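First comes the structure, then the notes that go with it.
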Amino acid sequence: MPHSLRPLFSPRSVAVVGASRRAGSIGHEIFKNLVRCGFSGVVYPVHPTAHAVAGVRAWPSIEALPEPVELAVVVVPAEKVVEVARQCAATGVKAMVVITAGFRELGGDGATREAELLDIVRGAGMRLVGPNCLGLINASPDVQLNATFAPTWPTHGRVGFLSQSGALGVAILDHSQRLGIGVSSFVSVGNKADVSANDLLEYWENDDDTDIVLLYLESFGNPRRFTRIARRVAQNKPVIAVKSGRGTAGRRAASSHTGSLAGGDVAADAMFWQTGVIRADTLEELFNTTMLLANQPVPKGNRVAVLTNAGGPGILAADALEARGLQLPRLSPKTEARLRAVLPVEASVGNPVDMIASASPDAYRDSLRILLEDDGIDSVLAIYVPPIVTRPEAVAAAIREGCKGSDKPVLCNFLGTHGLVDSLRSLQEGSIPSYAYPETAAISLAKATRYGEWLARDKGQEVHYDVDLDAARRTVKGAVARGGQGWLTPDEVDELLRIYGIPTPQAVVAKTPAEAMEAARQIDGPVAVKLVSETITHKTDIGGVRLGLESPEAVFDAHAGMQRRIEDAGLGGQMDGVLVQQMVTGGLELIVGASVDPAFGPTLMVGLGGVNVEILDDVAVRIFPLRDVDAAEMLDSLRGKALLAGYRDRPAADVAAVKDILLRVSQMVGDHPELAELDINPLSVFAPGEGAVALDARMRVG
């Protein structure tokens with residue numbers, strides 16, 4: 001484990017600064033939990049005036065303790081925390097857990113106070129959990145550290161848990177206890193001033209006591225680092241996360257197509273898929289998925305068999321499974337024959353397998369064993385609706401027996417039964433999770449199966465292109481120097497695209513109608529005339545695009561006409577000129593873009609483009625850095641992907657060229673953090689081998 005976190009999870013001694021004699025107070029409950037739960041080290045209560053706390057001698061300050069301590073749990077008023085931190089630094093404390101609120105979450109003086117606290121902690125080489133948190137737990141029998149005020153001491157198990165919400169952390173510990181999910185360690189990170197989700201992922205990655213990592217997150221401090229670490233951890237240990245905050249305010253504020261279509265929750269989904277993190281939409285899904293992965297193998301495929309003693313729940317399960325991308329394939333003839341041999345003639349041996357209401361425990365055992373031996377099945381959902389003729393305990397034992405020797409996941413739905421009641425405890429002992437409803441079981445299995453698909457997929461590699469980085473940086477810095485943020489000029493956009501090897505048509509920027517006419521004479525063939533404006537995004541809405549102009553005179557008229565429309569619309573002063581561009585016809589129109597999401601960093605997008613991009617909303621999003629496999633998956637995930645393969649009288653598109661451009665754009669945004677938004681729309685894609693051309697592009701620095 002990271003050495004710096006050892007004093008947090010395995011301290012030899014702990015001081016509770018702010019330990020209280022008053023029962024029910026936070027300082028009292030934390031001290032009592034440390035003693036009651038059997039902490040393996042020494043615990044010192046620190047109180048300025050009390051002689052003893054809970055029958056243990058108290059000390060007036062950290063400095064008065066008879067020996068240096070490794071961990072200080074701080075529960076004093078916010079205005080006193082900084083002074084306590086100074087005392088901890090002076091006496092060699094290795095780590096702090098600051099429970100106290102009243103810091104950055106309040107802004108103003110609170111933010112200043114937190115910055116001062118962090119300076120002290122970092123200057124002394126300490127690690128800090130919090131402030132404004134519930135605390136932490138290490139449930140290992142060798143440590144038994146409960147530095148929280150939660151009333152629940154969890155069962156020791158193999159799950160590491162992070163919560164960014166202290167109040168939610170109390171409920172999480174209680175619920176995991178009721179579901180029988182054992183915890184290796186739990187951390188409430190609060191404001192994450194120092195120790196973050198990234199630090200804890202690295203800790204749990206190397207912790208032999210942890211097999212699964214659960215995260216409740218409200219924000220990401222360093223999304224690029226999270227991406228790198230989570231992808232590595234998920235290769236060996238499932239990481240399941242609930243990410244709150246699905247608002248669209250950031251998307252509404254975006255000024256480009258990419259910013260409006262690729263922000264917020266879309267970026268979160270992309271990041272979780274790329275890193276292998278299993279996203280749960282609710283806390284219930286978090287626990288339900290954990291029950292499956294903590295007790296059963298990861299599914300090797302998406303082919304599911306449903307075994308039931310009632311037709312209705314079997315149909316509900318089939319609908320729920322198929323709606324989430326899982327398949328219920330027809331069973332092999334051999335499997336069907338074996339099932340008929342053990343089931344009554346009235347039973348159905350399709351998939352779902354309906355054994356009818358009189359199904360005995362032996363029928364469950366034998367049928368389950370037969371299904372698990374079918375090479376065309378990857379997992380089994382067993383459903384039991386309690387009739388009068390069979391006892392749940394007997395069915396549970398039979399299901400456990402039927403699973404022996406199989407490496408395929410099995411999960412159960414004992415209809416209407418919540419939690420681990422007595423009749424289902426044999427399932428828990430046999431490591432088979434049970435769910436109250438078939439739909440709930442289907443959701444958990446779908447998430448576990450998607451994780452299995454991620455584990456099996458080619459992870460790909462980043463592609464690096466040899467570009468003139470110095471020239472590109474001069475172009476970007478020149479745009480920044482004009483005012484810090486704003487749109488690049490067409491010449492600057494064209495220069496960047498050229499440097500990164502993205503083809504563009506011949507084009508000239510013209511300020512006046514006369515300049516536009518002269519520019520048309522320099523370009524062979526018909527031209528397009530496009531409005532140039534830093535503020536007007538949708539040019540076609542005000543007649544800012546004219547295509548297929550054959551003569552210089554027509555270009556003159558187009559420029560002059562745009563000027564008149566701009567004036568008539570009350571947008572005088574917002575036209576910076578026009579772009580006279582070589583006319584390119586044919587090809588499939590796509591959009592390729594990038595934007596900086598405030599929570600996840602650079603995001604990249606591809607979709608069906610042109611003027612209808614927002615209406616179609618057929619886009620795929622990934623976060624930076626893009627790997628070659630990501631680019632391929634983005635195109636394959638579009639609803640309109642059939643257009644790329646050729647549809648009716650339309651030829652196929654040069655998919656390889658689009659992938660190449662996506663990877664080049666990814667490198668561009670990685671090389672230049674100043675690029676806030678980028679749209680290539682449309683990207684005209686021609687037949688295989690004929691490439692693609694960026695017909696229009698916008699870039700903004702910020």
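Residue names in the structure tokens use chain letters A, B, ... in the order shown, residue numbers from 1 in each chain, and ligand numbers from 1 in the order shown.
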Counting only C-alpha atoms, give me one row per residue of segment 203-231 of chain A with an atom at most 12 Å from an atom of segment 589-597 of chain A, showing the shortest contact pair and its distance in Å to one decimal, sorted by chain then residue number, as JSON lines.
{"residue": "A:Phe220", "atom": "CA", "partner": "A:Asp597", "partner_atom": "CA", "distance": 11.3}
{"residue": "A:Pro223", "atom": "CA", "partner": "A:Asp597", "partner_atom": "CA", "distance": 10.1}
{"residue": "A:Arg224", "atom": "CA", "partner": "A:Asp597", "partner_atom": "CA", "distance": 11.8}
Quick one: residues within 10 Å of Phe414 of chain A, only C-alpha atoms, excluding same-chain residues fewer than 5 positions away - as a VMD selection string? chain A and resid 382 to 386 392 395 to 396 423 to 424 434 to 438
With N, CA and C atoms kept, could you save the residues just selected as a compact mmCIF listing (two decimals), in the first residue's frame?
# COMPACT_ATOMS: atom_id res chain seq x y z
N ALA A 382 -31.92 -17.94 -11.24
CA ALA A 382 -32.91 -18.89 -10.72
C ALA A 382 -33.98 -18.13 -9.96
N ILE A 383 -35.24 -18.33 -10.33
CA ILE A 383 -36.37 -17.63 -9.71
C ILE A 383 -37.22 -18.62 -8.94
N TYR A 384 -37.59 -18.23 -7.72
CA TYR A 384 -38.44 -19.08 -6.89
C TYR A 384 -39.60 -18.26 -6.35
N VAL A 385 -40.82 -18.67 -6.71
CA VAL A 385 -42.04 -18.09 -6.15
C VAL A 385 -42.58 -19.09 -5.15
N PRO A 386 -42.64 -18.71 -3.86
CA PRO A 386 -42.97 -19.71 -2.83
C PRO A 386 -44.40 -20.24 -2.94
N PRO A 392 -38.85 -22.76 1.16
CA PRO A 392 -37.74 -21.97 0.63
C PRO A 392 -36.38 -22.49 1.09
N VAL A 395 -35.34 -25.34 -1.17
CA VAL A 395 -34.98 -24.87 -2.51
C VAL A 395 -33.62 -24.18 -2.49
N ALA A 396 -33.39 -23.37 -1.45
CA ALA A 396 -32.11 -22.67 -1.34
C ALA A 396 -30.95 -23.65 -1.26
N SER A 423 -34.64 -18.04 5.69
CA SER A 423 -34.85 -19.06 4.65
C SER A 423 -33.84 -18.96 3.52
N LEU A 424 -33.11 -17.83 3.45
CA LEU A 424 -32.14 -17.65 2.36
C LEU A 424 -30.69 -17.68 2.85
N SER A 434 -29.14 -13.22 -3.56
CA SER A 434 -30.56 -13.30 -3.87
C SER A 434 -31.16 -11.90 -3.88
N TYR A 435 -32.11 -11.69 -4.80
CA TYR A 435 -32.75 -10.39 -4.98
C TYR A 435 -34.26 -10.55 -4.86
N ALA A 436 -34.92 -9.48 -4.43
CA ALA A 436 -36.35 -9.54 -4.17
C ALA A 436 -37.18 -9.60 -5.44
N TYR A 437 -36.67 -9.01 -6.54
CA TYR A 437 -37.45 -8.92 -7.77
C TYR A 437 -36.58 -9.31 -8.96
N PRO A 438 -37.18 -9.88 -10.00
CA PRO A 438 -36.38 -10.31 -11.16
C PRO A 438 -35.72 -9.13 -11.87
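Using only C-alpha atoms, the smallest distance between any of A:Ile443, A:Val380, A:Ala139, A:Ala19 and Ala323 of chain A comes from A:Ile443.
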Separating atom CA of Gly640 of chain A from atom CA of Val665 of chain A, to the nearest tenth of an Å, is a gap of 21.9 Å
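Neighbours of Ala85 of chain A closer than or equal to 10 Å, with only C-alpha atoms counted and sequence neighbours fewer than 6 positions away skipped, come out as Ile62, Ala72, Val74, Thr91, Val93, Ala95, Met96, Val98, Glu116, Leu117, Leu118, Asp119, Ile120, Val121, Ala124 and Met126 of chain A.
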Neighbour list for segment 450-458 of chain A as a PyMOL selection string, cut-off 8 Å, only C-alpha atoms, skip fewer than 6 positions in-chain: chain A and resi 235+238+273+276-278+298-301+629
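From atom CA of Leu173 of chain A back to atom CA of Val56 of chain A, the distance works out to 27.5 Å.
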I'd like the neighbourhood of Ala280 of chain A as a ChimeraX atom specification, where a residue qualifies if any of its atoms comes within 6 Å (using only C-alpha atoms), though same-chain residues fewer than 5 positions away should be ignored. /A:241-242,285-286
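Of note, atom CA of Ile399 of chain A and atom CA of Asp374 of chain A are spaced 16.7 Å apart.
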With only C-alpha atoms as the counted atoms, please give the residues lying no more than 9 Å from Ala694 of chain A, apart from itself and same-chain residues fewer than 6 positions off, as number ranges by chain. A: 497, 502-505, 680-685
For those residues, write all heavy atoms to a file as a PDB file, in the first residue's frame.
ATOM      1  N   LEU A 497      -5.073  22.824 -37.810  1.00  0.00           N
ATOM      2  CA  LEU A 497      -5.502  21.605 -38.494  1.00  0.00           C
ATOM      3  C   LEU A 497      -4.411  21.096 -39.420  1.00  0.00           C
ATOM      4  O   LEU A 497      -4.150  19.886 -39.502  1.00  0.00           O
ATOM      5  CB  LEU A 497      -6.792  21.867 -39.270  1.00  0.00           C
ATOM      6  CG  LEU A 497      -8.042  22.176 -38.432  1.00  0.00           C
ATOM      7  CD1 LEU A 497      -9.221  22.496 -39.340  1.00  0.00           C
ATOM      8  CD2 LEU A 497      -8.387  21.015 -37.505  1.00  0.00           C
ATOM      9  N   ILE A 502      -4.811  17.276 -40.434  1.00  0.00           N
ATOM     10  CA  ILE A 502      -6.234  17.145 -40.715  1.00  0.00           C
ATOM     11  C   ILE A 502      -6.543  17.942 -41.982  1.00  0.00           C
ATOM     12  O   ILE A 502      -6.388  19.173 -41.993  1.00  0.00           O
ATOM     13  CB  ILE A 502      -7.079  17.644 -39.532  1.00  0.00           C
ATOM     14  CG1 ILE A 502      -6.757  16.806 -38.287  1.00  0.00           C
ATOM     15  CG2 ILE A 502      -8.569  17.583 -39.859  1.00  0.00           C
ATOM     16  CD1 ILE A 502      -7.364  17.334 -37.012  1.00  0.00           C
ATOM     17  N   PRO A 503      -6.947  17.285 -43.069  1.00  0.00           N
ATOM     18  CA  PRO A 503      -7.111  17.974 -44.361  1.00  0.00           C
ATOM     19  C   PRO A 503      -8.202  19.050 -44.318  1.00  0.00           C
ATOM     20  O   PRO A 503      -9.256  18.872 -43.693  1.00  0.00           O
ATOM     21  CB  PRO A 503      -7.499  16.844 -45.322  1.00  0.00           C
ATOM     22  CG  PRO A 503      -7.048  15.589 -44.643  1.00  0.00           C
ATOM     23  CD  PRO A 503      -7.200  15.839 -43.182  1.00  0.00           C
ATOM     24  N   THR A 504      -7.942  20.150 -44.990  1.00  0.00           N
ATOM     25  CA  THR A 504      -8.927  21.231 -45.156  1.00  0.00           C
ATOM     26  C   THR A 504      -8.892  21.707 -46.605  1.00  0.00           C
ATOM     27  O   THR A 504      -7.869  21.590 -47.286  1.00  0.00           O
ATOM     28  CB  THR A 504      -8.604  22.425 -44.235  1.00  0.00           C
ATOM     29  OG1 THR A 504      -7.319  22.946 -44.581  1.00  0.00           O
ATOM     30  CG2 THR A 504      -8.607  22.018 -42.780  1.00  0.00           C
ATOM     31  N   PRO A 505      -9.985  22.277 -47.105  1.00  0.00           N
ATOM     32  CA  PRO A 505      -9.974  22.827 -48.466  1.00  0.00           C
ATOM     33  C   PRO A 505      -9.172  24.133 -48.504  1.00  0.00           C
ATOM     34  O   PRO A 505      -8.947  24.782 -47.478  1.00  0.00           O
ATOM     35  CB  PRO A 505     -11.450  23.104 -48.761  1.00  0.00           C
ATOM     36  CG  PRO A 505     -12.221  22.487 -47.637  1.00  0.00           C
ATOM     37  CD  PRO A 505     -11.306  22.402 -46.479  1.00  0.00           C
ATOM     38  N   ILE A 680     -15.267  20.443 -35.555  1.00  0.00           N
ATOM     39  CA  ILE A 680     -15.102  20.253 -36.989  1.00  0.00           C
ATOM     40  C   ILE A 680     -16.462  19.793 -37.496  1.00  0.00           C
ATOM     41  O   ILE A 680     -16.862  18.649 -37.273  1.00  0.00           O
ATOM     42  CB  ILE A 680     -14.019  19.219 -37.321  1.00  0.00           C
ATOM     43  CG1 ILE A 680     -12.661  19.653 -36.764  1.00  0.00           C
ATOM     44  CG2 ILE A 680     -13.932  18.994 -38.823  1.00  0.00           C
ATOM     45  CD1 ILE A 680     -11.568  18.603 -36.933  1.00  0.00           C
ATOM     46  N   ASN A 681     -17.174  20.699 -38.133  1.00  0.00           N
ATOM     47  CA  ASN A 681     -18.549  20.397 -38.542  1.00  0.00           C
ATOM     48  C   ASN A 681     -18.936  21.253 -39.747  1.00  0.00           C
ATOM     49  O   ASN A 681     -19.039  22.471 -39.632  1.00  0.00           O
ATOM     50  CB  ASN A 681     -19.518  20.651 -37.389  1.00  0.00           C
ATOM     51  CG  ASN A 681     -20.936  20.263 -37.752  1.00  0.00           C
ATOM     52  OD1 ASN A 681     -21.146  19.263 -38.432  1.00  0.00           O
ATOM     53  ND2 ASN A 681     -21.905  21.060 -37.325  1.00  0.00           N
ATOM     54  N   PRO A 682     -19.108  20.622 -40.909  1.00  0.00           N
ATOM     55  CA  PRO A 682     -19.054  19.175 -41.086  1.00  0.00           C
ATOM     56  C   PRO A 682     -17.653  18.688 -41.427  1.00  0.00           C
ATOM     57  O   PRO A 682     -16.843  19.413 -42.006  1.00  0.00           O
ATOM     58  CB  PRO A 682     -19.991  18.936 -42.258  1.00  0.00           C
ATOM     59  CG  PRO A 682     -19.864  20.173 -43.082  1.00  0.00           C
ATOM     60  CD  PRO A 682     -19.665  21.297 -42.106  1.00  0.00           C
ATOM     61  N   LEU A 683     -17.410  17.435 -41.078  1.00  0.00           N
ATOM     62  CA  LEU A 683     -16.282  16.676 -41.602  1.00  0.00           C
ATOM     63  C   LEU A 683     -16.857  15.830 -42.724  1.00  0.00           C
ATOM     64  O   LEU A 683     -17.679  14.947 -42.484  1.00  0.00           O
ATOM     65  CB  LEU A 683     -15.665  15.794 -40.522  1.00  0.00           C
ATOM     66  CG  LEU A 683     -14.520  14.891 -40.986  1.00  0.00           C
ATOM     67  CD1 LEU A 683     -13.258  15.712 -41.207  1.00  0.00           C
ATOM     68  CD2 LEU A 683     -14.261  13.771 -39.979  1.00  0.00           C
ATOM     69  N   SER A 684     -16.458  16.119 -43.945  1.00  0.00           N
ATOM     70  CA  SER A 684     -16.990  15.393 -45.093  1.00  0.00           C
ATOM     71  C   SER A 684     -16.131  14.156 -45.335  1.00  0.00           C
ATOM     72  O   SER A 684     -14.927  14.255 -45.579  1.00  0.00           O
ATOM     73  CB  SER A 684     -16.987  16.294 -46.337  1.00  0.00           C
ATOM     74  OG  SER A 684     -17.718  15.706 -47.374  1.00  0.00           O
ATOM     75  N   VAL A 685     -16.766  12.986 -45.243  1.00  0.00           N
ATOM     76  CA  VAL A 685     -16.051  11.715 -45.323  1.00  0.00           C
ATOM     77  C   VAL A 685     -16.405  11.031 -46.643  1.00  0.00           C
ATOM     78  O   VAL A 685     -17.578  10.823 -46.953  1.00  0.00           O
ATOM     79  CB  VAL A 685     -16.424  10.798 -44.143  1.00  0.00           C
ATOM     80  CG1 VAL A 685     -15.529   9.561 -44.134  1.00  0.00           C
ATOM     81  CG2 VAL A 685     -16.315  11.544 -42.825  1.00  0.00           C
TER      82      VAL A 685
END
Hey, what's within 12 Å of Arg473 of chain A if we count only C-alpha atoms and toss same-chain stuff fewer than 2 positions away? As a PyMOL selection string, please? chain A and resi 467-471+475-481+492+495-496+499-500+668-675
Those residues with N, CA and C atoms, as a compact mmCIF listing (two decimals), in the first residue's frame please?
# COMPACT_ATOMS: atom_id res chain seq x y z
N VAL A 467 4.33 15.99 -35.03
CA VAL A 467 3.84 17.29 -35.49
C VAL A 467 4.83 18.38 -35.07
N ASP A 468 4.70 19.54 -35.70
CA ASP A 468 5.53 20.69 -35.35
C ASP A 468 4.91 21.36 -34.12
N LEU A 469 5.25 20.82 -32.94
CA LEU A 469 4.61 21.28 -31.71
C LEU A 469 4.94 22.73 -31.40
N ASP A 470 6.13 23.17 -31.71
CA ASP A 470 6.49 24.57 -31.44
C ASP A 470 5.62 25.52 -32.24
N ALA A 471 5.41 25.20 -33.52
CA ALA A 471 4.57 26.06 -34.35
C ALA A 471 3.13 26.07 -33.84
N THR A 475 0.84 29.31 -32.34
CA THR A 475 -0.49 29.68 -32.82
C THR A 475 -1.48 29.80 -31.67
N VAL A 476 -1.48 28.83 -30.77
CA VAL A 476 -2.41 28.85 -29.63
C VAL A 476 -2.09 30.00 -28.69
N LYS A 477 -0.82 30.19 -28.38
CA LYS A 477 -0.44 31.27 -27.46
C LYS A 477 -0.74 32.64 -28.06
N GLY A 478 -0.66 32.73 -29.38
CA GLY A 478 -1.02 33.99 -30.02
C GLY A 478 -2.49 34.30 -29.82
N ALA A 479 -3.34 33.27 -29.90
CA ALA A 479 -4.77 33.47 -29.67
C ALA A 479 -5.04 33.86 -28.22
N VAL A 480 -4.35 33.22 -27.30
CA VAL A 480 -4.52 33.54 -25.87
C VAL A 480 -4.08 34.97 -25.59
N ALA A 481 -3.00 35.38 -26.23
CA ALA A 481 -2.45 36.71 -25.97
C ALA A 481 -3.39 37.83 -26.38
N GLU A 492 -5.88 30.87 -38.04
CA GLU A 492 -5.27 30.12 -36.94
C GLU A 492 -5.84 28.70 -36.87
N GLU A 495 -4.33 26.72 -39.63
CA GLU A 495 -2.93 26.41 -39.33
C GLU A 495 -2.83 25.22 -38.38
N LEU A 496 -3.65 25.21 -37.32
CA LEU A 496 -3.59 24.10 -36.37
C LEU A 496 -4.01 22.79 -37.02
N ILE A 499 -1.15 21.58 -39.14
CA ILE A 499 -0.04 21.05 -38.35
C ILE A 499 -0.33 19.63 -37.87
N TYR A 500 -1.58 19.38 -37.50
CA TYR A 500 -1.94 18.07 -36.98
C TYR A 500 -2.42 17.10 -38.06
N MET A 668 -4.18 16.83 -30.18
CA MET A 668 -4.18 18.29 -30.19
C MET A 668 -4.65 18.86 -28.86
N VAL A 669 -5.77 18.34 -28.33
CA VAL A 669 -6.27 18.89 -27.07
C VAL A 669 -5.37 18.52 -25.91
N GLY A 670 -4.67 17.39 -26.02
CA GLY A 670 -3.72 17.04 -24.99
C GLY A 670 -2.49 17.93 -25.01
N ASP A 671 -2.06 18.30 -26.20
CA ASP A 671 -0.89 19.17 -26.34
C ASP A 671 -1.17 20.61 -25.91
N HIS A 672 -2.45 21.03 -25.98
CA HIS A 672 -2.78 22.44 -25.74
C HIS A 672 -3.95 22.56 -24.75
N PRO A 673 -3.65 22.56 -23.46
CA PRO A 673 -4.71 22.68 -22.45
C PRO A 673 -5.53 23.97 -22.60
N GLU A 674 -5.00 24.96 -23.33
CA GLU A 674 -5.73 26.21 -23.50
C GLU A 674 -6.95 26.05 -24.41
N LEU A 675 -7.00 24.99 -25.22
CA LEU A 675 -8.14 24.79 -26.12
C LEU A 675 -9.36 24.35 -25.31
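For the choices A:Gln87, A:Thr289, A:Ser367, A:Gln144, the atom-to-atom distance to Thr335 of chain A is smallest for A:Ser367 when using only C-alpha atoms.
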